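Raw query_15.cif, mmCIF, C-alpha atoms and all ligand atoms:
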```
data_work
loop_
_atom_site.label_atom_id
_atom_site.label_comp_id
_atom_site.auth_asym_id
_atom_site.auth_seq_id
_atom_site.Cartn_x
_atom_site.Cartn_y
_atom_site.Cartn_z
CA MET A 1 37.98 -9.14 21.53
CA ILE A 2 36.46 -6.83 18.89
CA GLU A 3 33.20 -5.22 19.90
CA LEU A 4 30.50 -4.07 17.50
CA ILE A 5 28.22 -1.37 18.84
CA GLN A 6 24.96 -1.53 16.91
CA PHE A 7 21.27 -2.01 16.82
CA PRO A 8 20.14 -5.18 15.11
CA TRP A 9 18.03 -3.86 12.20
CA SER A 10 20.45 -1.15 11.07
CA ASN A 11 21.54 -1.75 7.47
CA PHE A 12 25.02 -0.32 8.03
CA CYS A 13 25.48 -2.38 11.19
CA ILE A 14 24.47 -5.53 9.31
CA VAL A 15 27.24 -4.82 6.77
CA ALA A 16 29.88 -4.65 9.53
CA ARG A 17 28.41 -7.66 11.36
CA ARG A 18 28.41 -9.89 8.29
CA ILE A 19 32.02 -8.91 7.49
CA LEU A 20 32.99 -9.85 11.05
CA GLU A 21 31.17 -13.20 10.78
CA PHE A 22 32.76 -13.79 7.37
CA SER A 23 36.22 -13.23 8.88
CA GLY A 24 35.68 -16.05 11.39
CA ALA A 25 36.93 -13.80 14.23
CA ARG A 26 35.31 -13.91 17.64
CA PHE A 27 33.52 -10.67 18.37
CA LYS A 28 31.02 -9.27 20.78
CA ILE A 29 27.83 -7.47 19.83
CA ILE A 30 26.73 -4.58 22.03
CA ASN A 31 23.17 -3.55 21.23
CA ILE A 32 22.17 -0.02 22.14
CA PRO A 33 18.68 1.52 21.95
CA SER A 34 18.41 3.50 18.70
CA GLY A 35 17.38 6.49 20.81
CA ASP A 36 20.26 6.40 23.29
CA ARG A 37 23.67 7.07 21.76
CA SER A 38 25.47 7.81 25.03
CA LEU A 39 27.81 4.81 24.71
CA VAL A 40 28.79 5.80 21.16
CA TRP A 41 29.29 9.41 22.26
CA LYS A 42 31.54 8.32 25.10
CA LEU A 43 33.59 5.80 23.08
CA THR A 44 34.20 8.27 20.27
CA GLN A 45 35.21 11.01 22.70
CA GLU A 46 32.14 13.04 21.79
CA LYS A 47 32.80 13.01 18.06
CA TYR A 48 30.08 10.68 16.72
CA TYR A 49 26.59 9.46 17.53
CA ALA A 50 25.76 7.06 14.66
CA VAL A 51 26.18 3.31 14.47
CA PRO A 52 27.98 1.08 13.74
CA VAL A 53 31.09 1.67 15.82
CA VAL A 54 33.82 -0.93 16.19
CA LYS A 55 36.07 -1.13 19.23
CA ASP A 56 39.25 -3.13 18.99
CA GLY A 57 41.12 -2.79 22.28
CA ALA A 58 41.99 0.87 22.62
CA LYS A 59 41.14 1.62 19.00
CA VAL A 60 37.66 2.92 18.21
CA VAL A 61 36.65 3.01 14.55
CA PHE A 62 33.76 4.97 13.06
CA GLU A 63 33.00 6.64 9.74
CA SER A 64 34.97 9.83 9.17
CA GLY A 65 32.62 11.11 6.44
CA ASP A 66 29.30 10.50 4.71
CA ASP A 67 30.87 8.49 1.91
CA THR A 68 33.62 6.61 3.71
CA GLN A 69 34.01 2.91 4.50
CA ASP A 70 36.40 3.23 7.45
CA ILE A 71 34.95 0.31 9.41
CA ALA A 72 34.86 -2.10 6.48
CA LYS A 73 38.40 -1.11 5.46
CA PHE A 74 39.65 -1.49 9.01
CA LEU A 75 38.17 -5.01 9.28
CA ASP A 76 39.42 -5.86 5.80
CA ALA A 77 43.00 -4.90 6.70
CA LYS A 78 42.92 -6.49 10.14
CA PHE A 79 41.64 -9.86 8.93
CA LYS A 80 43.27 -9.75 5.47
CA LEU A 81 39.98 -10.33 3.70
CA ASN A 82 40.90 -8.68 0.41
CA LEU A 83 37.42 -7.18 -0.01
CA PHE A 84 38.84 -4.03 -1.66
CA PRO A 85 41.19 -5.19 -4.44
CA ALA A 86 42.72 -2.18 -6.22
CA GLU A 87 41.56 -3.29 -9.66
CA ARG A 88 37.90 -3.21 -8.57
CA GLU A 89 38.07 -0.04 -6.45
CA GLY A 90 36.36 2.16 -9.07
CA GLU A 91 33.48 -0.21 -9.75
CA GLN A 92 32.98 -0.79 -6.07
CA ALA A 93 32.92 2.95 -5.33
CA ILE A 94 30.12 3.44 -7.88
CA LEU A 95 28.16 0.41 -6.72
CA TRP A 96 28.23 1.02 -3.00
CA ARG A 97 27.05 4.59 -3.46
CA TYR A 98 24.09 3.24 -5.45
CA PHE A 99 23.32 0.75 -2.68
CA GLU A 100 23.70 3.27 0.15
CA HIS A 101 21.70 6.01 -1.53
CA ASP A 102 19.23 4.80 -4.20
CA LEU A 103 18.49 1.35 -2.87
CA GLU A 104 18.66 2.23 0.81
CA ALA A 105 16.13 5.06 0.41
CA VAL A 106 13.51 2.44 -0.47
CA SER A 107 14.62 -0.58 1.57
CA PHE A 108 14.74 1.13 4.97
CA ARG A 109 11.30 2.71 4.50
CA LEU A 110 9.79 -0.72 3.79
CA ASN A 111 11.21 -2.07 7.04
CA ASP A 112 10.61 1.05 9.13
CA LEU A 113 6.88 1.04 8.38
CA TYR A 114 6.70 -2.01 10.69
CA TRP A 115 8.55 -0.08 13.44
CA ARG A 116 6.02 -0.91 16.16
CA GLU A 117 6.94 -4.58 15.84
CA PHE A 118 10.70 -4.26 16.36
CA VAL A 119 11.46 -1.03 18.24
CA ALA A 120 11.29 -1.61 22.00
CA LYS A 121 8.49 0.28 23.76
CA ASP A 122 10.95 2.49 25.67
CA ASP A 123 12.65 3.46 22.45
CA GLN A 124 9.58 4.22 20.35
CA LEU A 125 9.14 7.88 21.21
CA SER A 126 12.69 8.81 20.24
CA PHE A 127 12.49 6.57 17.14
CA VAL A 128 9.37 8.35 15.85
CA ARG A 129 10.74 11.75 16.78
CA HIS A 130 14.01 11.05 14.97
CA LYS A 131 12.21 9.86 11.81
CA GLU A 132 9.68 12.70 11.80
CA ARG A 133 12.36 15.35 12.33
CA LYS A 134 14.23 13.97 9.34
CA PHE A 135 11.39 12.98 6.99
CA GLY A 136 8.41 15.03 8.18
CA ARG A 137 5.39 14.53 10.39
CA GLY A 138 3.48 11.31 9.73
CA CYS A 139 6.24 9.86 7.51
CA LEU A 140 5.97 6.34 8.96
CA ASP A 141 2.21 6.17 8.26
CA GLU A 142 2.79 7.66 4.84
CA TRP A 143 5.32 4.93 3.96
CA ARG A 144 2.71 2.35 4.91
CA THR A 145 0.25 3.79 2.42
CA GLN A 146 3.04 3.78 -0.19
CA GLN A 147 4.09 0.20 0.57
CA GLN A 148 3.05 -1.39 -2.75
CA ASP A 149 4.71 1.34 -4.75
CA LEU A 150 7.86 1.11 -2.61
CA LEU A 151 7.95 -2.66 -3.22
CA ARG A 152 7.76 -2.06 -6.97
CA GLN A 153 10.57 0.49 -6.69
CA LEU A 154 12.68 -1.93 -4.70
CA GLU A 155 12.30 -4.66 -7.29
CA GLN A 156 13.30 -2.21 -10.00
CA LYS A 157 16.34 -1.03 -8.06
CA LEU A 158 17.42 -4.61 -7.39
CA GLN A 159 17.09 -5.63 -11.04
CA PRO A 160 20.65 -4.57 -12.04
CA CYS A 161 21.93 -6.89 -9.29
CA GLU A 162 19.80 -9.74 -10.65
CA LEU A 163 21.35 -9.17 -14.09
CA MET A 164 24.89 -9.18 -12.65
CA LEU A 165 24.25 -12.28 -10.57
CA ALA A 166 22.92 -14.21 -13.56
CA HIS A 167 26.53 -14.39 -14.76
CA ALA A 168 28.55 -14.85 -11.59
CA GLU A 169 28.20 -16.17 -8.05
CA PHE A 170 28.87 -12.72 -6.59
CA LEU A 171 28.37 -9.18 -7.90
CA LEU A 172 31.84 -8.75 -9.35
CA GLY A 173 32.97 -12.31 -9.88
CA GLU A 174 33.49 -15.63 -8.20
CA ARG A 175 34.21 -14.38 -4.69
CA PRO A 176 32.47 -11.80 -2.53
CA LEU A 177 33.86 -8.26 -2.39
CA PHE A 178 32.84 -5.36 -0.18
CA VAL A 179 29.85 -4.50 -2.39
CA ASP A 180 28.33 -7.93 -1.75
CA PHE A 181 28.35 -7.19 1.99
CA GLU A 182 26.99 -3.73 1.35
CA LEU A 183 24.07 -5.07 -0.71
CA PHE A 184 23.54 -7.80 1.89
CA GLY A 185 23.14 -5.15 4.62
CA MET A 186 20.47 -3.28 2.63
CA VAL A 187 18.62 -6.51 1.77
CA GLU A 188 18.71 -7.88 5.33
CA ASN A 189 17.38 -4.57 6.66
CA PHE A 190 14.50 -4.79 4.15
CA LEU A 191 13.79 -8.38 5.31
CA TYR A 192 14.20 -7.62 9.03
CA SER A 193 10.48 -7.27 9.88
CA GLY A 194 9.82 -10.77 8.55
CA HIS A 195 6.99 -9.51 6.32
CA TYR A 196 8.81 -9.67 3.01
CA ARG A 197 10.65 -12.02 0.67
CA LEU A 198 12.99 -11.10 -2.15
CA PRO A 199 11.08 -10.91 -5.46
CA LYS A 200 10.27 -14.25 -7.14
CA THR A 201 11.29 -12.62 -10.41
CA GLN A 202 14.89 -12.40 -9.13
CA PRO A 203 16.05 -16.00 -8.59
CA HIS A 204 19.77 -15.24 -8.96
CA LEU A 205 19.54 -12.57 -6.29
CA ARG A 206 17.69 -15.00 -4.01
CA ALA A 207 20.38 -17.65 -4.49
CA TRP A 208 23.13 -15.07 -3.87
CA HIS A 209 21.35 -14.00 -0.67
CA ARG A 210 21.36 -17.59 0.60
CA ARG A 211 25.09 -17.86 -0.16
CA MET A 212 25.86 -14.55 1.51
CA LYS A 213 24.13 -15.58 4.75
CA THR A 214 26.67 -18.22 5.61
CA ILE A 215 29.81 -17.67 3.53
CA ARG A 216 33.17 -17.62 5.38
CA VAL A 217 36.51 -16.43 4.09
CA ALA A 218 38.65 -19.16 2.53
CA ARG A 219 41.90 -19.45 4.49
N1 LIG B 301 27.67 6.20 6.41
C1 LIG B 301 27.48 5.69 7.76
C2 LIG B 301 26.04 5.88 8.12
C3 LIG B 301 25.68 5.37 9.47
C4 LIG B 301 24.25 5.67 9.80
O1 LIG B 301 23.59 6.50 9.17
N2 LIG B 301 23.76 4.99 10.82
C5 LIG B 301 22.41 5.24 11.28
C6 LIG B 301 21.75 3.97 11.75
S1 LIG B 301 21.44 2.89 10.39
C7 LIG B 301 22.52 6.19 12.44
O2 LIG B 301 23.03 5.86 13.49
N3 LIG B 301 22.11 7.44 12.16
C8 LIG B 301 22.23 8.54 13.09
C9 LIG B 301 21.03 8.70 13.95
O3 LIG B 301 20.14 7.83 13.91
O4 LIG B 301 20.98 9.67 14.72
C10 LIG B 301 27.90 4.23 7.81
O5 LIG B 301 28.11 3.62 6.74
O6 LIG B 301 28.10 3.68 8.88
#
```

Using structure tokens, write down the structure that the file contains.
Ligand SMILES: N[C@@H](CCC(=O)N[C@@H](CS)C(=O)NCC(=O)O)C(=O)O
Amino acid sequence: MIELIQFPWSNFCIVARRILEFSGARFKIINIPSGDRSLVWKLTQEKYYAVPVVKDGAKVVFESGDDTQDIAKFLDAKFKLNLFPAEREGEQAILWRYFEHDLEAVSFRLNDLYWREFVAKDDQLSFVRHKERKFGRGCLDEWRTQQQDLLRQLEQKLQPCELMLAHAEFLLGERPLFVDFELFGMVENFLYSGHYRLPKTQPHLRAWHRRMKTIRVAR
């Protein structure tokens, strides 16, 4: 059975998890502490420490670069999901970079500022250390003071999606493609703390989000 090595609030892990659920395949989730990557290190033969990682029998899949989608493409090919049709490859490449960079920079901060509520006690020291080493001392408190501004930025960054979804059920048409899962991962990470809702001003996005929560591939 496929195994997904993850932690539950990670945006990129949510993308892989939702694709697996969408496929209808049975899979096993292995949660690791965000501060202890020893399992990932071992499985990847000391090549990688990030999540997600997917293990399918002897095969271990992880991202080979900063802007790759190795896991999603592996799952897509294995389960014949057709999430990367050639004729939409260019649009998808532009869109997922926007989601992973511009949107993600705001969405993860909004969730992270509630870190005390979802990071296990034992994991908190390494969580804070990791964040502060990357974003500077006091970053988590700083994001809290910026919360209202970050929420405004998020709404603005989601607005192009609202405009696209006013004309179709999914971002690029009448069935979900990879970019729908990618956006779903960023949105679910933003919502993870339970303190937020998607903006009321974006009803099409809200309806899309409800669809994306449960949709399964048509066989
Ligand atoms: N581009 C990679 C990024 C993966 C990534 O950045 N994962 C985060 C968790 S959301 C991580 O494990 N970062 C490394 C670290 O925390 O040390 C992907 O799409 O999977």

Show me which residues are within 6 Å of ligand LIG 301 (chain B) counting all atoms listed in the file, and format the list as a PDB file with C-alpha atoms, in the coordinates of the input.
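Contents of the output file selection13.pdb:
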```pdb
ATOM      1  CA  SER A  10      20.450  -1.150  11.070  1.00  0.00           C
ATOM      2  CA  ASN A  11      21.540  -1.750   7.470  1.00  0.00           C
ATOM      3  CA  PHE A  12      25.020  -0.320   8.030  1.00  0.00           C
ATOM      4  CA  ALA A  50      25.760   7.060  14.660  1.00  0.00           C
ATOM      5  CA  VAL A  51      26.180   3.310  14.470  1.00  0.00           C
ATOM      6  CA  PRO A  52      27.980   1.080  13.740  1.00  0.00           C
ATOM      7  CA  GLU A  63      33.000   6.640   9.740  1.00  0.00           C
ATOM      8  CA  ASP A  66      29.300  10.500   4.710  1.00  0.00           C
ATOM      9  CA  ASP A  67      30.870   8.490   1.910  1.00  0.00           C
TER      10      ASP A  67
END
```

With all atoms of segment 176-182 of chain A from the file as input, state the centre and edge lengths in Å to one decimal of the axis-aligned box that has 3 Å extra on each side, as lines of an AutoDock Vina configuration file.
```
center_x = 30.4
center_y = -7.8
center_z = -0.3
size_x = 12.9
size_y = 14.1
size_z = 10.5
```

* Between atom CA of Phe190 of chain A and atom CA of Glu104 of chain A, measure the distance and give it in Å to one decimal. => 8.8 Å

* Asked: Leaving out segment 86-98 of chain A and any residue of its chain fewer than 6 positions from it, which residues lie within 10 Å of it when counting only C-alpha atoms, given as a ChimeraX atom specification?
  -> /A:67-69,104,157,161,171-172,177-183

* To do: Could you give me, as a VMD selection string, the residues that sit within 9 Å of (21.8, 3.4, 19.0) in the file's coordinates, counting all atoms listed in the file?
  => chain A and resid 5 to 7 31 to 40 49 to 52

* Structure fact -> Correct to one decimal, the distance atom CA of Glu46 of chain A-atom CA of Leu4 of chain A is 17.7 Å

* Shell around segment 144-154 of chain A at 12 Å using all atoms listed in the file, local window under 3 positions removed, as number ranges by chain -> A: 99, 102-115, 138-141, 157-161, 186-187, 190-191, 195-199, 201-202

* One-decimal distance in Å that lies between atom CA of Ala120 of chain A and atom CA of Ile19 of chain A -> 26.3 Å

* Which is closer to Pro85 of chain A than all the others in A:Gly136, A:Ser23, A:Lys73, A:Phe184, using all atoms listed in the file? -> A:Lys73

* A:Ala166, A:Glu188, A:Arg219, A:Arg116: which is nearest Arg17 of chain A, counting all atoms listed in the file? -> A:Glu188
